[in-house]
>>> print(open('my_file.tsv').read())   # TSV, N, CA and C atoms
chain	number	residue	atom	x	y	z
U	1	MET	N	46.48	-68.05	22.89
U	1	MET	CA	45.88	-66.86	22.31
U	1	MET	C	45.36	-65.92	23.40
U	2	LEU	N	44.72	-66.47	24.42
U	2	LEU	CA	44.18	-65.66	25.51
U	2	LEU	C	45.30	-64.97	26.28
U	3	PHE	N	46.44	-65.64	26.38
U	3	PHE	CA	47.57	-65.05	27.10
U	3	PHE	C	48.11	-63.82	26.36
U	4	ILE	N	48.13	-63.87	25.03
U	4	ILE	CA	48.59	-62.72	24.24
U	4	ILE	C	47.63	-61.54	24.42
U	5	LEU	N	46.33	-61.83	24.41
U	5	LEU	CA	45.33	-60.78	24.65
U	5	LEU	C	45.54	-60.18	26.04
U	6	ALA	N	45.80	-61.02	27.02
U	6	ALA	CA	46.03	-60.55	28.39
U	6	ALA	C	47.27	-59.65	28.46
U	7	ALA	N	48.32	-60.04	27.75
U	7	ALA	CA	49.55	-59.25	27.76
U	7	ALA	C	49.32	-57.87	27.15
U	8	PHE	N	48.61	-57.81	26.03
U	8	PHE	CA	48.32	-56.52	25.42
U	8	PHE	C	47.40	-55.67	26.30
U	9	THR	N	46.47	-56.31	26.98
U	9	THR	CA	45.57	-55.59	27.88
U	9	THR	C	46.36	-54.98	29.03
U	10	VAL	N	47.25	-55.75	29.63
U	10	VAL	CA	48.08	-55.23	30.73
U	10	VAL	C	48.96	-54.09	30.22
U	11	LEU	N	49.55	-54.25	29.06
U	11	LEU	CA	50.41	-53.22	28.50
U	11	LEU	C	49.63	-51.92	28.26
U	12	GLY	N	48.44	-52.04	27.68
U	12	GLY	CA	47.61	-50.85	27.46
U	12	GLY	C	47.23	-50.17	28.76
U	13	GLY	N	46.89	-50.96	29.76
U	13	GLY	CA	46.56	-50.39	31.07
U	13	GLY	C	47.74	-49.68	31.70
U	14	LEU	N	48.92	-50.26	31.57
U	14	LEU	CA	50.12	-49.62	32.12
U	14	LEU	C	50.41	-48.29	31.43
U	15	VAL	N	50.19	-48.24	30.12
U	15	VAL	CA	50.40	-46.99	29.39
U	15	VAL	C	49.44	-45.91	29.91
U	16	ALA	N	48.18	-46.27	30.14
U	16	ALA	CA	47.21	-45.31	30.67
U	16	ALA	C	47.60	-44.84	32.07
U	17	VAL	N	48.03	-45.75	32.93
U	17	VAL	CA	48.46	-45.38	34.28
U	17	VAL	C	49.65	-44.42	34.22
U	18	LEU	N	50.63	-44.74	33.38
U	18	LEU	CA	51.81	-43.89	33.27
U	18	LEU	C	51.48	-42.52	32.67
U	19	ALA	N	50.59	-42.47	31.70
U	19	ALA	CA	50.19	-41.19	31.10
U	19	ALA	C	49.51	-40.30	32.14
U	20	GLY	N	48.62	-40.87	32.92
U	20	GLY	CA	47.96	-40.10	33.97
U	20	GLY	C	48.93	-39.63	35.04
U	21	ALA	N	49.83	-40.50	35.44
U	21	ALA	CA	50.81	-40.14	36.47
U	21	ALA	C	51.74	-39.03	35.96
U	22	TYR	N	52.15	-39.11	34.71
U	22	TYR	CA	53.02	-38.10	34.14
U	22	TYR	C	52.30	-36.74	34.09
U	23	GLY	N	51.05	-36.74	33.66
U	23	GLY	CA	50.29	-35.51	33.59
U	23	GLY	C	50.14	-34.86	34.96
U	24	LEU	N	49.81	-35.65	35.97
U	24	LEU	CA	49.69	-35.12	37.34
U	24	LEU	C	51.03	-34.56	37.84
U	25	ARG	N	52.09	-35.30	37.59
U	25	ARG	CA	53.41	-34.89	38.04
U	25	ARG	C	53.83	-33.56	37.40
U	26	GLU	N	53.60	-33.43	36.09
U	26	GLU	CA	53.97	-32.20	35.40
U	26	GLU	C	53.15	-31.01	35.90
U	27	THR	N	51.86	-31.21	36.10
U	27	THR	CA	51.01	-30.13	36.61
U	27	THR	C	51.49	-29.69	37.98
U	28	ARG	N	51.75	-30.64	38.85
U	28	ARG	CA	52.21	-30.30	40.21
U	28	ARG	C	53.58	-29.65	40.20
U	29	ARG	N	54.46	-30.11	39.33
U	29	ARG	CA	55.81	-29.56	39.25
U	29	ARG	C	55.77	-28.10	38.82
U	30	VAL	N	55.03	-27.82	37.75
U	30	VAL	CA	54.98	-26.45	37.25
U	30	VAL	C	54.23	-25.54	38.23
U	31	GLU	N	53.20	-26.07	38.85
U	31	GLU	CA	52.44	-25.28	39.81
U	31	GLU	C	53.29	-24.94	41.04
U	32	ALA	N	54.12	-25.87	41.48
U	32	ALA	CA	54.91	-25.67	42.68
U	32	ALA	C	56.20	-24.89	42.43
U	33	ALA	N	56.90	-25.19	41.36
U	33	ALA	CA	58.23	-24.60	41.15
U	33	ALA	C	58.28	-23.62	39.99
U	34	GLY	N	57.15	-23.38	39.36
U	34	GLY	CA	57.15	-22.49	38.21
U	34	GLY	C	57.22	-21.02	38.60
U	35	ALA	N	57.55	-20.21	37.62
U	35	ALA	CA	57.56	-18.77	37.82
U	35	ALA	C	56.14	-18.25	37.62
U	36	LEU	N	55.78	-17.25	38.39
U	36	LEU	CA	54.42	-16.70	38.32
U	36	LEU	C	54.40	-15.45	37.44
U	37	ALA	N	53.28	-15.28	36.75
U	37	ALA	CA	53.07	-14.09	35.93
U	37	ALA	C	51.57	-13.85	35.80
U	38	TRP	N	51.22	-12.63	35.44
U	38	TRP	CA	49.83	-12.32	35.13
U	38	TRP	C	49.67	-12.34	33.63
U	39	ALA	N	48.63	-13.01	33.17
U	39	ALA	CA	48.39	-13.13	31.74
U	39	ALA	C	47.11	-12.39	31.36
U	40	LEU	N	47.14	-11.74	30.22
U	40	LEU	CA	45.97	-11.10	29.66
U	40	LEU	C	45.21	-12.16	28.86
U	41	VAL	N	43.92	-12.29	29.12
U	41	VAL	CA	43.09	-13.25	28.37
U	41	VAL	C	42.63	-12.57	27.10
U	42	LYS	N	42.93	-13.20	25.96
U	42	LYS	CA	42.53	-12.67	24.66
U	42	LYS	C	41.49	-13.61	24.06
U	43	PRO	N	40.69	-13.13	23.13
U	43	PRO	CA	39.65	-14.00	22.55
U	43	PRO	C	40.25	-15.25	21.89
U	44	ALA	N	39.47	-16.31	21.89
U	44	ALA	CA	39.90	-17.55	21.24
U	44	ALA	C	39.94	-17.33	19.73
U	45	PRO	N	40.92	-17.93	19.06
U	45	PRO	CA	40.95	-17.83	17.60
U	45	PRO	C	39.70	-18.47	17.00
U	46	GLN	N	39.36	-18.06	15.80
U	46	GLN	CA	38.17	-18.60	15.15
U	46	GLN	C	38.27	-20.12	15.05
U	47	GLY	N	37.21	-20.78	15.50
U	47	GLY	CA	37.16	-22.24	15.46
U	47	GLY	C	37.74	-22.91	16.70
U	48	ALA	N	38.30	-22.14	17.61
U	48	ALA	CA	38.89	-22.70	18.83
U	48	ALA	C	37.99	-22.40	20.02
U	49	VAL	N	38.13	-23.21	21.06
U	49	VAL	CA	37.34	-23.03	22.28
U	49	VAL	C	38.16	-22.29	23.34
U	50	ARG	N	39.43	-22.58	23.37
U	50	ARG	CA	40.28	-22.02	24.43
U	50	ARG	C	40.82	-20.64	24.04
U	51	PRO	N	40.69	-19.68	24.96
U	51	PRO	CA	41.21	-18.34	24.68
U	51	PRO	C	42.74	-18.33	24.69
U	52	LEU	N	43.30	-17.26	24.20
U	52	LEU	CA	44.75	-17.09	24.22
U	52	LEU	C	45.15	-16.37	25.51
U	53	LEU	N	46.31	-16.74	26.02
U	53	LEU	CA	46.88	-16.09	27.20
U	53	LEU	C	48.17	-15.40	26.78
U	54	GLN	N	48.27	-14.12	27.05
U	54	GLN	CA	49.48	-13.36	26.72
U	54	GLN	C	50.14	-12.94	28.02
U	55	TYR	N	51.41	-13.33	28.19
U	55	TYR	CA	52.13	-13.01	29.42
U	55	TYR	C	53.59	-12.75	29.11
U	56	GLU	N	54.24	-12.07	30.06
U	56	GLU	CA	55.65	-11.75	29.92
U	56	GLU	C	56.45	-12.59	30.91
U	57	THR	N	57.50	-13.23	30.41
U	57	THR	CA	58.35	-14.05	31.27
U	57	THR	C	59.32	-13.15	32.04
U	58	ALA	N	59.99	-13.73	33.00
U	58	ALA	CA	60.93	-12.98	33.84
U	58	ALA	C	62.07	-12.37	33.02
U	59	ASP	N	62.42	-13.02	31.88
U	59	ASP	CA	63.50	-12.48	31.06
U	59	ASP	C	63.00	-11.51	29.99
U	60	GLY	N	61.72	-11.12	30.05
U	60	GLY	CA	61.20	-10.09	29.16
U	60	GLY	C	60.54	-10.57	27.89
U	61	ARG	N	60.50	-11.85	27.64
U	61	ARG	CA	59.83	-12.36	26.44
U	61	ARG	C	58.32	-12.31	26.62
U	62	VAL	N	57.61	-11.96	25.58
U	62	VAL	CA	56.15	-11.95	25.61
U	62	VAL	C	55.67	-13.16	24.81
U	63	LEU	N	54.88	-13.99	25.46
U	63	LEU	CA	54.35	-15.20	24.82
U	63	LEU	C	52.84	-15.12	24.75
U	64	GLU	N	52.29	-15.73	23.71
U	64	GLU	CA	50.85	-15.81	23.55
U	64	GLU	C	50.52	-17.26	23.20
U	65	LEU	N	49.86	-17.94	24.14
U	65	LEU	CA	49.57	-19.36	23.98
U	65	LEU	C	48.10	-19.64	24.27
U	66	PRO	N	47.57	-20.73	23.72
U	66	PRO	CA	46.21	-21.13	24.10
U	66	PRO	C	46.18	-21.53	25.58
U	67	SER	N	45.07	-21.26	26.22
U	67	SER	CA	44.91	-21.63	27.62
U	67	SER	C	45.00	-23.15	27.76
U	68	PRO	N	45.67	-23.64	28.81
U	68	PRO	CA	45.74	-25.09	29.00
U	68	PRO	C	44.41	-25.71	29.43
U	69	VAL	N	43.47	-24.88	29.87
U	69	VAL	CA	42.14	-25.36	30.25
U	69	VAL	C	41.09	-24.51	29.54
U	70	PRO	N	39.99	-25.13	29.14
U	70	PRO	CA	38.93	-24.34	28.51
U	70	PRO	C	38.14	-23.56	29.56
U	71	PRO	N	37.48	-22.49	29.15
U	71	PRO	CA	36.65	-21.76	30.11
U	71	PRO	C	35.43	-22.61	30.48
U	72	SER	N	34.89	-22.36	31.66
U	72	SER	CA	33.70	-23.07	32.11
U	72	SER	C	32.77	-22.07	32.79
U	73	HIS	N	31.58	-22.52	33.15
U	73	HIS	CA	30.65	-21.63	33.85
U	73	HIS	C	31.21	-21.23	35.21
U	74	ARG	N	31.89	-22.18	35.86
U	74	ARG	CA	32.47	-21.90	37.17
U	74	ARG	C	33.72	-21.05	37.09
U	75	SER	N	34.50	-21.26	36.04
U	75	SER	CA	35.76	-20.52	35.88
U	75	SER	C	35.84	-19.93	34.47
U	76	PRO	N	35.06	-18.88	34.21
U	76	PRO	CA	35.11	-18.28	32.88
U	76	PRO	C	36.44	-17.55	32.67
U	77	LEU	N	36.81	-17.44	31.43
U	77	LEU	CA	38.02	-16.70	31.08
U	77	LEU	C	37.62	-15.62	30.08
U	78	PRO	N	36.95	-14.55	30.56
U	78	PRO	CA	36.46	-13.52	29.63
U	78	PRO	C	37.62	-12.72	29.02
U	79	PRO	N	37.54	-12.43	27.72
U	79	PRO	CA	38.58	-11.62	27.09
U	79	PRO	C	38.73	-10.27	27.79
U	80	GLY	N	39.98	-9.86	27.95
U	80	GLY	CA	40.27	-8.59	28.62
U	80	GLY	C	40.57	-8.73	30.10
U	81	SER	N	40.25	-9.90	30.67
U	81	SER	CA	40.54	-10.10	32.09
U	81	SER	C	41.98	-10.58	32.25
U	82	SER	N	42.42	-10.61	33.48
U	82	SER	CA	43.76	-11.10	33.80
U	82	SER	C	43.64	-12.37	34.63
U	83	VAL	N	44.58	-13.26	34.42
U	83	VAL	CA	44.59	-14.51	35.17
U	83	VAL	C	46.04	-14.82	35.54
U	84	ARG	N	46.21	-15.40	36.69
U	84	ARG	CA	47.56	-15.75	37.16
U	84	ARG	C	47.98	-17.07	36.52
U	85	VAL	N	49.21	-17.11	36.02
U	85	VAL	CA	49.74	-18.34	35.42
U	85	VAL	C	51.05	-18.69	36.10
U	86	SER	N	51.33	-19.97	36.10
U	86	SER	CA	52.62	-20.47	36.55
U	86	SER	C	53.24	-21.16	35.35
U	87	TYR	N	54.46	-20.79	35.00
U	87	TYR	CA	55.10	-21.37	33.82
U	87	TYR	C	56.47	-21.93	34.19
U	88	ASP	N	56.90	-22.87	33.40
U	88	ASP	CA	58.20	-23.51	33.60
U	88	ASP	C	59.28	-22.56	33.06
U	89	PRO	N	60.19	-22.06	33.89
U	89	PRO	CA	61.23	-21.15	33.39
U	89	PRO	C	62.11	-21.77	32.30
U	90	ALA	N	62.30	-23.07	32.35
U	90	ALA	CA	63.11	-23.74	31.33
U	90	ALA	C	62.37	-23.81	29.99
U	91	ASP	N	61.07	-23.93	30.04
U	91	ASP	CA	60.23	-23.96	28.83
U	91	ASP	C	58.97	-23.15	29.12
U	92	PRO	N	59.00	-21.83	28.89
U	92	PRO	CA	57.89	-20.97	29.27
U	92	PRO	C	56.57	-21.28	28.55
U	93	ARG	N	56.60	-22.16	27.56
U	93	ARG	CA	55.35	-22.54	26.89
U	93	ARG	C	54.57	-23.57	27.71
U	94	THR	N	55.18	-24.12	28.74
U	94	THR	CA	54.50	-25.04	29.64
U	94	THR	C	53.85	-24.20	30.73
U	95	VAL	N	52.53	-24.10	30.67
U	95	VAL	CA	51.78	-23.19	31.53
U	95	VAL	C	50.73	-23.95	32.33
U	96	VAL	N	50.52	-23.51	33.57
U	96	VAL	CA	49.48	-24.04	34.44
U	96	VAL	C	48.72	-22.84	35.00
U	97	LEU	N	47.42	-22.95	35.08
U	97	LEU	CA	46.60	-21.93	35.74
U	97	LEU	C	46.31	-22.43	37.14
U	98	PRO	N	47.03	-21.94	38.16
U	98	PRO	CA	46.85	-22.44	39.52
U	98	PRO	C	45.38	-22.37	39.96
U	99	GLY	N	44.90	-23.48	40.48
U	99	GLY	CA	43.54	-23.56	40.96
U	99	GLY	C	42.50	-23.85	39.90
U	100	ARG	N	42.89	-23.87	38.64
U	100	ARG	CA	41.94	-24.12	37.55
U	100	ARG	C	42.25	-25.40	36.79
U	101	GLU	N	43.33	-26.07	37.12
U	101	GLU	CA	43.70	-27.27	36.39
U	101	GLU	C	42.69	-28.38	36.61
U	102	ARG	N	42.47	-29.14	35.60
U	102	ARG	CA	41.53	-30.26	35.67
U	102	ARG	C	42.32	-31.56	35.78
U	103	THR	N	42.71	-31.86	36.99
U	103	THR	CA	43.50	-33.07	37.21
U	103	THR	C	42.64	-34.33	37.19
U	104	GLY	N	41.32	-34.17	37.13
U	104	GLY	CA	40.42	-35.32	37.09
U	104	GLY	C	40.67	-36.21	35.89
U	105	VAL	N	41.05	-35.63	34.77
U	105	VAL	CA	41.32	-36.42	33.57
U	105	VAL	C	42.53	-37.33	33.81
U	106	ASP	N	43.58	-36.77	34.41
U	106	ASP	CA	44.77	-37.57	34.70
U	106	ASP	C	44.45	-38.68	35.70
U	107	ARG	N	43.67	-38.34	36.71
U	107	ARG	CA	43.28	-39.36	37.69
U	107	ARG	C	42.41	-40.44	37.05
U	108	ALA	N	41.53	-40.04	36.14
U	108	ALA	CA	40.68	-41.01	35.45
U	108	ALA	C	41.53	-41.96	34.61
U	109	PHE	N	42.57	-41.44	33.96
U	109	PHE	CA	43.49	-42.29	33.20
U	109	PHE	C	44.13	-43.32	34.12
U	110	MET	N	44.56	-42.87	35.29
U	110	MET	CA	45.23	-43.77	36.22
U	110	MET	C	44.28	-44.86	36.73
U	111	VAL	N	43.07	-44.46	37.09
U	111	VAL	CA	42.10	-45.43	37.62
U	111	VAL	C	41.67	-46.41	36.53
U	112	SER	N	41.33	-45.89	35.35
U	112	SER	CA	40.91	-46.80	34.28
U	112	SER	C	42.06	-47.70	33.84
U	113	GLY	N	43.27	-47.17	33.83
U	113	GLY	CA	44.42	-48.00	33.50
U	113	GLY	C	44.63	-49.11	34.50
U	114	ALA	N	44.44	-48.80	35.79
U	114	ALA	CA	44.59	-49.83	36.83
U	114	ALA	C	43.52	-50.91	36.67
U	115	VAL	N	42.30	-50.49	36.33
U	115	VAL	CA	41.23	-51.47	36.11
U	115	VAL	C	41.56	-52.36	34.91
U	116	ILE	N	42.10	-51.77	33.86
U	116	ILE	CA	42.47	-52.55	32.67
U	116	ILE	C	43.62	-53.50	32.99
U	117	VAL	N	44.58	-53.06	33.80
U	117	VAL	CA	45.67	-53.96	34.21
U	117	VAL	C	45.11	-55.15	34.98
U	118	LEU	N	44.19	-54.89	35.91
U	118	LEU	CA	43.58	-55.99	36.67
U	118	LEU	C	42.81	-56.94	35.76
U	119	LEU	N	42.12	-56.38	34.77
U	119	LEU	CA	41.42	-57.23	33.80
U	119	LEU	C	42.41	-58.09	33.04
U	120	GLY	N	43.52	-57.50	32.61
U	120	GLY	CA	44.54	-58.27	31.90
U	120	GLY	C	45.15	-59.36	32.75
U	121	LEU	N	45.39	-59.06	34.02
U	121	LEU	CA	45.95	-60.07	34.92
U	121	LEU	C	44.94	-61.20	35.16
U	122	THR	N	43.67	-60.85	35.22
U	122	THR	CA	42.62	-61.87	35.36
U	122	THR	C	42.59	-62.76	34.12
U	123	LEU	N	42.69	-62.15	32.94
U	123	LEU	CA	42.74	-62.94	31.71
U	123	LEU	C	43.97	-63.84	31.68
U	124	ALA	N	45.11	-63.33	32.15
U	124	ALA	CA	46.34	-64.12	32.16
U	124	ALA	C	46.19	-65.31	33.11
U	125	ALA	N	45.56	-65.08	34.26
U	125	ALA	CA	45.35	-66.17	35.21
U	125	ALA	C	44.41	-67.22	34.62
U	126	ALA	N	43.41	-66.77	33.87
U	126	ALA	CA	42.47	-67.71	33.24
U	126	ALA	C	43.16	-68.50	32.13
U	127	ALA	N	44.15	-67.91	31.50
U	127	ALA	CA	44.86	-68.58	30.40
U	127	ALA	C	45.79	-69.67	30.90
U	128	LEU	N	46.20	-69.57	32.14
U	128	LEU	CA	47.12	-70.57	32.70
U	128	LEU	C	46.34	-71.74	33.13
>>> encode(input="my_file.tsv", output="structure tokens")
Amino acid sequence: MLFILAAFTVLGGLVAVLAGAYGLRETRRVEAAGALAWALVKPAPQGAVRPLLQYETADGRVLELPSPVPPSHRSPLPPGSSVRVSYDPADPRTVVLPGRERTGVDRAFMVSGAVIVLLGLTLAAAAL
């Protein structure tokens, strides 16, 4: 029974590590190889925290999407201001705000997942 618990613990930890790694990889990919544009910050819809970003892609399409990061005291996103965005040309709805991304969440997933994997391996060793 303890071995089954250990296996599920390791599996859950691996999922967290992979989710964090994927998030970091996508952020870095879009930030490095994405197309740049200036976006107009529009007010957040009623009931939402994140403002809308309106920008034009290189092929002339105008998109309006929620900001990938919420505003903060350090990095406010006041309506009417402009902010630089990097978007994936293959899927322009994938947006990164260079210098404003919160990669700490992805790193926290990776670290906590690694700790959970170690806990699962410890349980597996105890079960043997």
>>> atom_distance(input="my_file.tsv", atom1="atom N of U:Ser86", atom2="atom C of U:Pro45")
22.4 Å
>>> closest_residue(input="my_file.tsv", among="U:Leu24, U:Ala19, U:Leu128, U:Ala39", to="U:Glu101", atoms="only C-alpha atoms")
U:Leu24
>>> atom_distance(input="my_file.tsv", atom1="atom N of U:Val105", atom2="atom N of U:Phe8")
25.0 Å
>>> residues_around(input="my_file.tsv", residues="U:Pro43", least_positions_apart="4", cutoff="6 Å", atoms="only N, CA and C atoms", output="list of chain:residue names")
U:Arg50, U:Pro51, U:Leu52, U:Pro79, U:Gly80
>>> atom_distance(input="my_file.tsv", atom1="atom CA of U:Ala32", atom2="atom C of U:Pro78")
25.6 Å
>>> select_by_dssp(input="my_file.tsv", residues="chain U", states="strand (DSSP E)", output="count of residues only")
31
>>> closest_residue(input="my_file.tsv", among="U:Ala16, U:Leu121, U:Val85, U:Leu36", to="U:Phe109", atoms="only N, CA and C atoms")
U:Ala16
>>> residues_around(input="my_file.tsv", residues="stretch 56-62 of chain U", least_positions_apart="3", cutoff="8 Å", atoms="all atoms listed in the file", output="ChimeraX atom specification")
/U:35-40,53,65,89,92
>>> closest_residue(input="my_file.tsv", among="U:Val83, U:Ile116, U:Val111, U:Ala125", to="U:Val41", atoms="all atoms listed in the file")
U:Val83
>>> select_by_dssp(input="my_file.tsv", residues="chain U", states="helix (DSSP H, G or I)", output="VMD selection string")
chain U and resid 2 to 33 104 to 127
>>> closest_residue(input="my_file.tsv", among="U:Ala127, U:Met110, U:Ala44, U:Leu119", to="U:Val15", atoms="only C-alpha atoms")
U:Met110
>>> closest_residue(input="my_file.tsv", among="U:Asp88, U:Arg28, U:Lys42, U:Ala33", to="U:Gln54", atoms="all atoms listed in the file")
U:Lys42
>>> closest_residue(input="my_file.tsv", among="U:Val69, U:Ile4, U:Leu14, U:Val95", to="U:Arg29", atoms="only C-alpha atoms")
U:Val95
